[in-house]
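*Asks:* Structure file run_20.pdb (PDB, C-alpha atoms) is given on the next line.
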ATOM      1  CA  MET A   1      43.201  -4.552 -27.809
ATOM      2  CA  ASN A   2      42.515  -7.393 -25.409
ATOM      3  CA  ALA A   3      38.783  -6.894 -24.571
ATOM      4  CA  ASN A   4      36.589  -9.760 -23.375
ATOM      5  CA  GLY A   5      33.307  -8.250 -24.561
ATOM      6  CA  THR A   6      31.887  -6.186 -27.391
ATOM      7  CA  ILE A   7      29.410  -3.331 -27.510
ATOM      8  CA  ASP A   8      26.517  -5.675 -28.287
ATOM      9  CA  ARG A   9      27.634  -8.368 -25.849
ATOM     10  CA  PRO A  10      29.443  -6.729 -22.925
ATOM     11  CA  TYR A  11      31.583  -8.788 -20.621
ATOM     12  CA  ALA A  12      29.897  -7.423 -17.489
ATOM     13  CA  HIS A  13      26.137  -7.926 -17.135
ATOM     14  CA  ASP A  14      25.840  -5.075 -14.652
ATOM     15  CA  PRO A  15      25.853  -1.765 -16.573
ATOM     16  CA  LEU A  16      27.306   0.051 -13.564
ATOM     17  CA  GLN A  17      30.217  -2.303 -13.162
ATOM     18  CA  LYS A  18      33.416  -1.166 -14.802
ATOM     19  CA  GLN A  19      34.537  -3.574 -17.478
ATOM     20  CA  ASP A  20      38.111  -2.462 -17.852
ATOM     21  CA  PRO A  21      40.003  -0.032 -15.613
ATOM     22  CA  MET A  22      41.081   3.019 -17.580
ATOM     23  CA  ALA A  23      44.763   3.740 -17.765
ATOM     24  CA  PRO A  24      45.707   7.368 -17.073
ATOM     25  CA  SER A  25      46.020   9.436 -20.201
ATOM     26  CA  THR A  26      49.519  10.564 -21.158
ATOM     27  CA  ASN A  27      48.364  13.916 -22.550
ATOM     28  CA  GLU A  28      46.470  14.890 -19.364
ATOM     29  CA  PRO A  29      48.330  16.272 -16.345
ATOM     30  CA  SER A  30      48.281  14.133 -13.223
ATOM     31  CA  GLY A  31      46.471  16.744 -11.058
ATOM     32  CA  SER A  32      43.752  17.654 -13.546
ATOM     33  CA  ALA A  33      40.427  19.193 -12.555
ATOM     34  CA  THR A  34      38.341  16.320 -13.938
ATOM     35  CA  PRO A  35      36.923  14.374 -10.987
ATOM     36  CA  ALA A  36      37.251  10.635 -10.758
ATOM     37  CA  VAL A  37      34.041   8.801 -11.634
ATOM     38  CA  THR A  38      32.468   6.997  -8.704
ATOM     39  CA  ILE A  39      29.632   4.569  -9.096
ATOM     40  CA  THR A  40      28.712   4.172  -5.431
ATOM     41  CA  GLY A  41      25.948   6.790  -5.653
ATOM     42  CA  ALA A  42      24.502   5.206  -8.763
ATOM     43  CA  THR A  43      24.638   1.742  -7.197
ATOM     44  CA  ALA A  44      22.960   2.943  -3.998
ATOM     45  CA  SER A  45      20.302   4.741  -6.022
ATOM     46  CA  ARG A  46      19.661   1.632  -8.080
ATOM     47  CA  GLN A  47      19.471  -0.557  -4.972
ATOM     48  CA  ASN A  48      16.982   1.855  -3.348
ATOM     49  CA  ARG A  49      14.883   1.876  -6.507
ATOM     50  CA  THR A  50      14.972  -1.927  -6.652
ATOM     51  CA  ARG A  51      13.981  -2.162  -2.978
ATOM     52  CA  ALA A  52      11.133   0.290  -3.556
ATOM     53  CA  MET A  53       9.974  -1.710  -6.564
ATOM     54  CA  GLN A  54       9.991  -4.884  -4.461
ATOM     55  CA  LEU A  55       7.933  -3.183  -1.734
ATOM     56  CA  ILE A  56       5.204  -1.939  -4.128
ATOM     57  CA  PRO A  57       3.097  -5.149  -3.924
ATOM     58  CA  GLU A  58       3.352  -5.075  -0.132
ATOM     59  CA  ALA A  59       2.218  -1.444  -0.041
ATOM     60  CA  LEU A  60      -0.657  -2.232  -2.408
ATOM     61  CA  ALA A  61      -1.714  -5.180  -0.262
ATOM     62  CA  ARG A  62      -1.561  -3.020   2.863
ATOM     63  CA  ALA A  63      -3.697  -0.322   1.213
ATOM     64  CA  HIS A  64      -6.176  -2.932  -0.020
ATOM     65  CA  MET A  65      -6.407  -4.490   3.443
ATOM     66  CA  HIS A  66      -6.927  -1.053   5.020
ATOM     67  CA  GLU A  67      -9.736  -0.337   2.544
ATOM     68  CA  ARG A  68     -11.385  -3.698   3.236
ATOM     69  CA  LEU A  69     -11.203  -3.096   7.011
ATOM     70  CA  ARG A  70     -12.808   0.327   6.534
ATOM     71  CA  GLU A  71     -15.577  -1.227   4.433
ATOM     72  CA  ALA A  72     -16.152  -3.936   7.065
ATOM     73  CA  GLU A  73     -16.356  -1.315   9.834
ATOM     74  CA  THR A  74     -18.870   0.718   7.799
ATOM     75  CA  GLU A  75     -20.920  -2.427   7.174
ATOM     76  CA  ARG A  76     -20.842  -3.269  10.887
ATOM     77  CA  ARG A  77     -22.099   0.221  11.778
ATOM     78  CA  ALA A  78     -24.912  -0.048   9.223
ATOM     79  CA  VAL A  79     -26.006  -3.455  10.570
ATOM     80  CA  HIS A  80     -25.877  -2.114  14.141
ATOM     81  CA  LEU A  81     -27.990   0.917  13.168
ATOM     82  CA  ILE A  82     -30.591  -1.273  11.417
ATOM     83  CA  ALA A  83     -30.833  -3.522  14.495
ATOM     84  CA  ALA A  84     -31.200  -0.492  16.788
ATOM     85  CA  ARG A  85     -34.012   0.931  14.661
ATOM     86  CA  ARG A  86     -35.775  -2.436  14.616
ATOM     87  CA  MET A  87     -35.588  -2.684  18.420
ATOM     88  CA  GLN A  88     -36.831   0.921  18.748
ATOM     89  CA  ARG A  89     -39.905   0.157  16.604
ATOM     90  CA  ARG A  90     -40.589  -2.995  18.623
ATOM     91  CA  ALA A  91     -40.314  -1.012  21.869
ATOM     92  CA  GLU A  92     -42.721   1.627  20.518
ATOM     93  CA  ARG A  93     -45.272  -1.064  19.586
ATOM     94  CA  VAL A  94     -44.998  -2.654  23.029
ATOM     95  CA  SER A  95     -45.401   0.777  24.638
ATOM     96  CA  MET A  96     -48.548   1.516  22.583
ATOM     97  CA  ARG A  97     -49.966  -1.891  23.492
ATOM     98  CA  ALA A  98     -49.337  -1.214  27.190
ATOM     99  CA  ARG A  99     -50.987   2.235  26.975
ATOM    100  CA  ARG A 100     -53.990   0.707  25.225
ATOM    101  CA  ALA A 101     -54.281  -2.017  27.860
ATOM    102  CA  LEU A 102     -54.045   0.606  30.627
ATOM    103  CA  ALA A 103     -56.720   2.769  28.961
ATOM    104  CA  MET A 104     -59.001  -0.269  28.619
ATOM    105  CA  ALA A 105     -58.496  -1.111  32.304
ATOM    106  CA  VAL A 106     -59.346   2.461  33.405
ATOM    107  CA  MET A 107     -62.461   2.547  31.222
ATOM    108  CA  ASN A 108     -63.953  -0.575  32.787
TER
END
Would you kindly transcribe this structure into structure tokens?
*Replies:*
Amino acid sequence: MNANGTIDRPYAHDPLQKQDPMAPSTNEPSGSATPAVTITGATASRQNRTRAMQLIPEALARAHMHERLREAETERRAVHLIAARRMQRRAERVSMRARRALAMAVMN
């Protein structure tokens, strides 16, 4: 046998790559029902999985950025609400002062 690799150290580093083309068996008829093995589906599946694995950090970063934007928007709303309440209290104090001044002017 003229093999370049062994079981422990295969010649091909890619497990899906055929190492040695198989010669047709002499005891099997030429039109047998056993289908020929194709590796294109396995290769495509592996490439898709690899691509998905490479996109995981990007998806995580996108999710993290979305969460941070949502937190910033919530914080902005809270700050805006606090400022609005502060201005409302100031306006109420000014209004009470004006009513008091008017009442004092009517009394005199």
*Asks:* Rounded to one decimal in Å, what is the spacing between atom CA of A:Glu67 and atom CA of A:Met53?
*Replies:*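 Taking atom CA of A:Glu67 as the start and atom CA of A:Met53 as the end point, the length is 21.8 Å.
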*Asks:* Could you put an axis-aligned box around every listed atom of stretch 99-102 of chain A, padded by 3 Å on each side, and send me its centre and edge lengths in Å to one decimal, as JSON?
*Replies:*
{"center_x": -52.6, "center_y": 0.1, "center_z": 27.9, "size_x": 9.3, "size_y": 10.3, "size_z": 11.4}
*Asks:* Which value, in Å to one decimal, gives the distance between atom CA of A:Val79 and atom CA of A:Arg97?
*Replies:* 27.3 Å
*Asks:* Quick one: pull the distance between atom CA of A:Ala52 and atom CA of A:Arg70, Å, one decimal.
*Replies:*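 Straight-line distance from atom CA of A:Ala52 to atom CA of A:Arg70 works out to 26.0 Å.
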*Asks:* Restore N, CA and C atoms in stretch 90-101 of chain A and list the result as a CSV table (one decimal), keeping the file's coordinate frame.
*Replies:*
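That gives us out-v7.csv:
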chain,number,residue,atom,x,y,z
A,90,ARG,N,-40.0,-2.0,17.8
A,90,ARG,CA,-40.6,-3.0,18.6
A,90,ARG,C,-41.0,-2.4,20.0
A,91,ALA,N,-40.0,-1.6,20.6
A,91,ALA,CA,-40.3,-1.0,21.9
A,91,ALA,C,-41.5,0.0,21.8
A,92,GLU,N,-41.6,0.7,20.7
A,92,GLU,CA,-42.7,1.6,20.5
A,92,GLU,C,-44.0,0.9,20.4
A,93,ARG,N,-44.0,-0.3,19.7
A,93,ARG,CA,-45.3,-1.1,19.6
A,93,ARG,C,-45.7,-1.6,20.9
A,94,VAL,N,-44.7,-2.1,21.7
A,94,VAL,CA,-45.0,-2.7,23.0
A,94,VAL,C,-45.5,-1.5,23.9
A,95,SER,N,-44.9,-0.4,23.8
A,95,SER,CA,-45.4,0.8,24.6
A,95,SER,C,-46.8,1.1,24.3
A,96,MET,N,-47.2,1.2,23.0
A,96,MET,CA,-48.5,1.5,22.6
A,96,MET,C,-49.5,0.4,23.1
A,97,ARG,N,-49.1,-0.8,23.0
A,97,ARG,CA,-50.0,-1.9,23.5
A,97,ARG,C,-50.2,-1.7,25.0
A,98,ALA,N,-49.2,-1.4,25.7
A,98,ALA,CA,-49.3,-1.2,27.2
A,98,ALA,C,-50.3,0.0,27.5
A,99,ARG,N,-50.1,1.1,26.8
A,99,ARG,CA,-51.0,2.2,27.0
A,99,ARG,C,-52.4,1.9,26.7
A,100,ARG,N,-52.6,1.1,25.6
A,100,ARG,CA,-54.0,0.7,25.2
A,100,ARG,C,-54.6,-0.2,26.3
A,101,ALA,N,-53.8,-1.1,26.8
A,101,ALA,CA,-54.3,-2.0,27.9
A,101,ALA,C,-54.6,-1.2,29.1
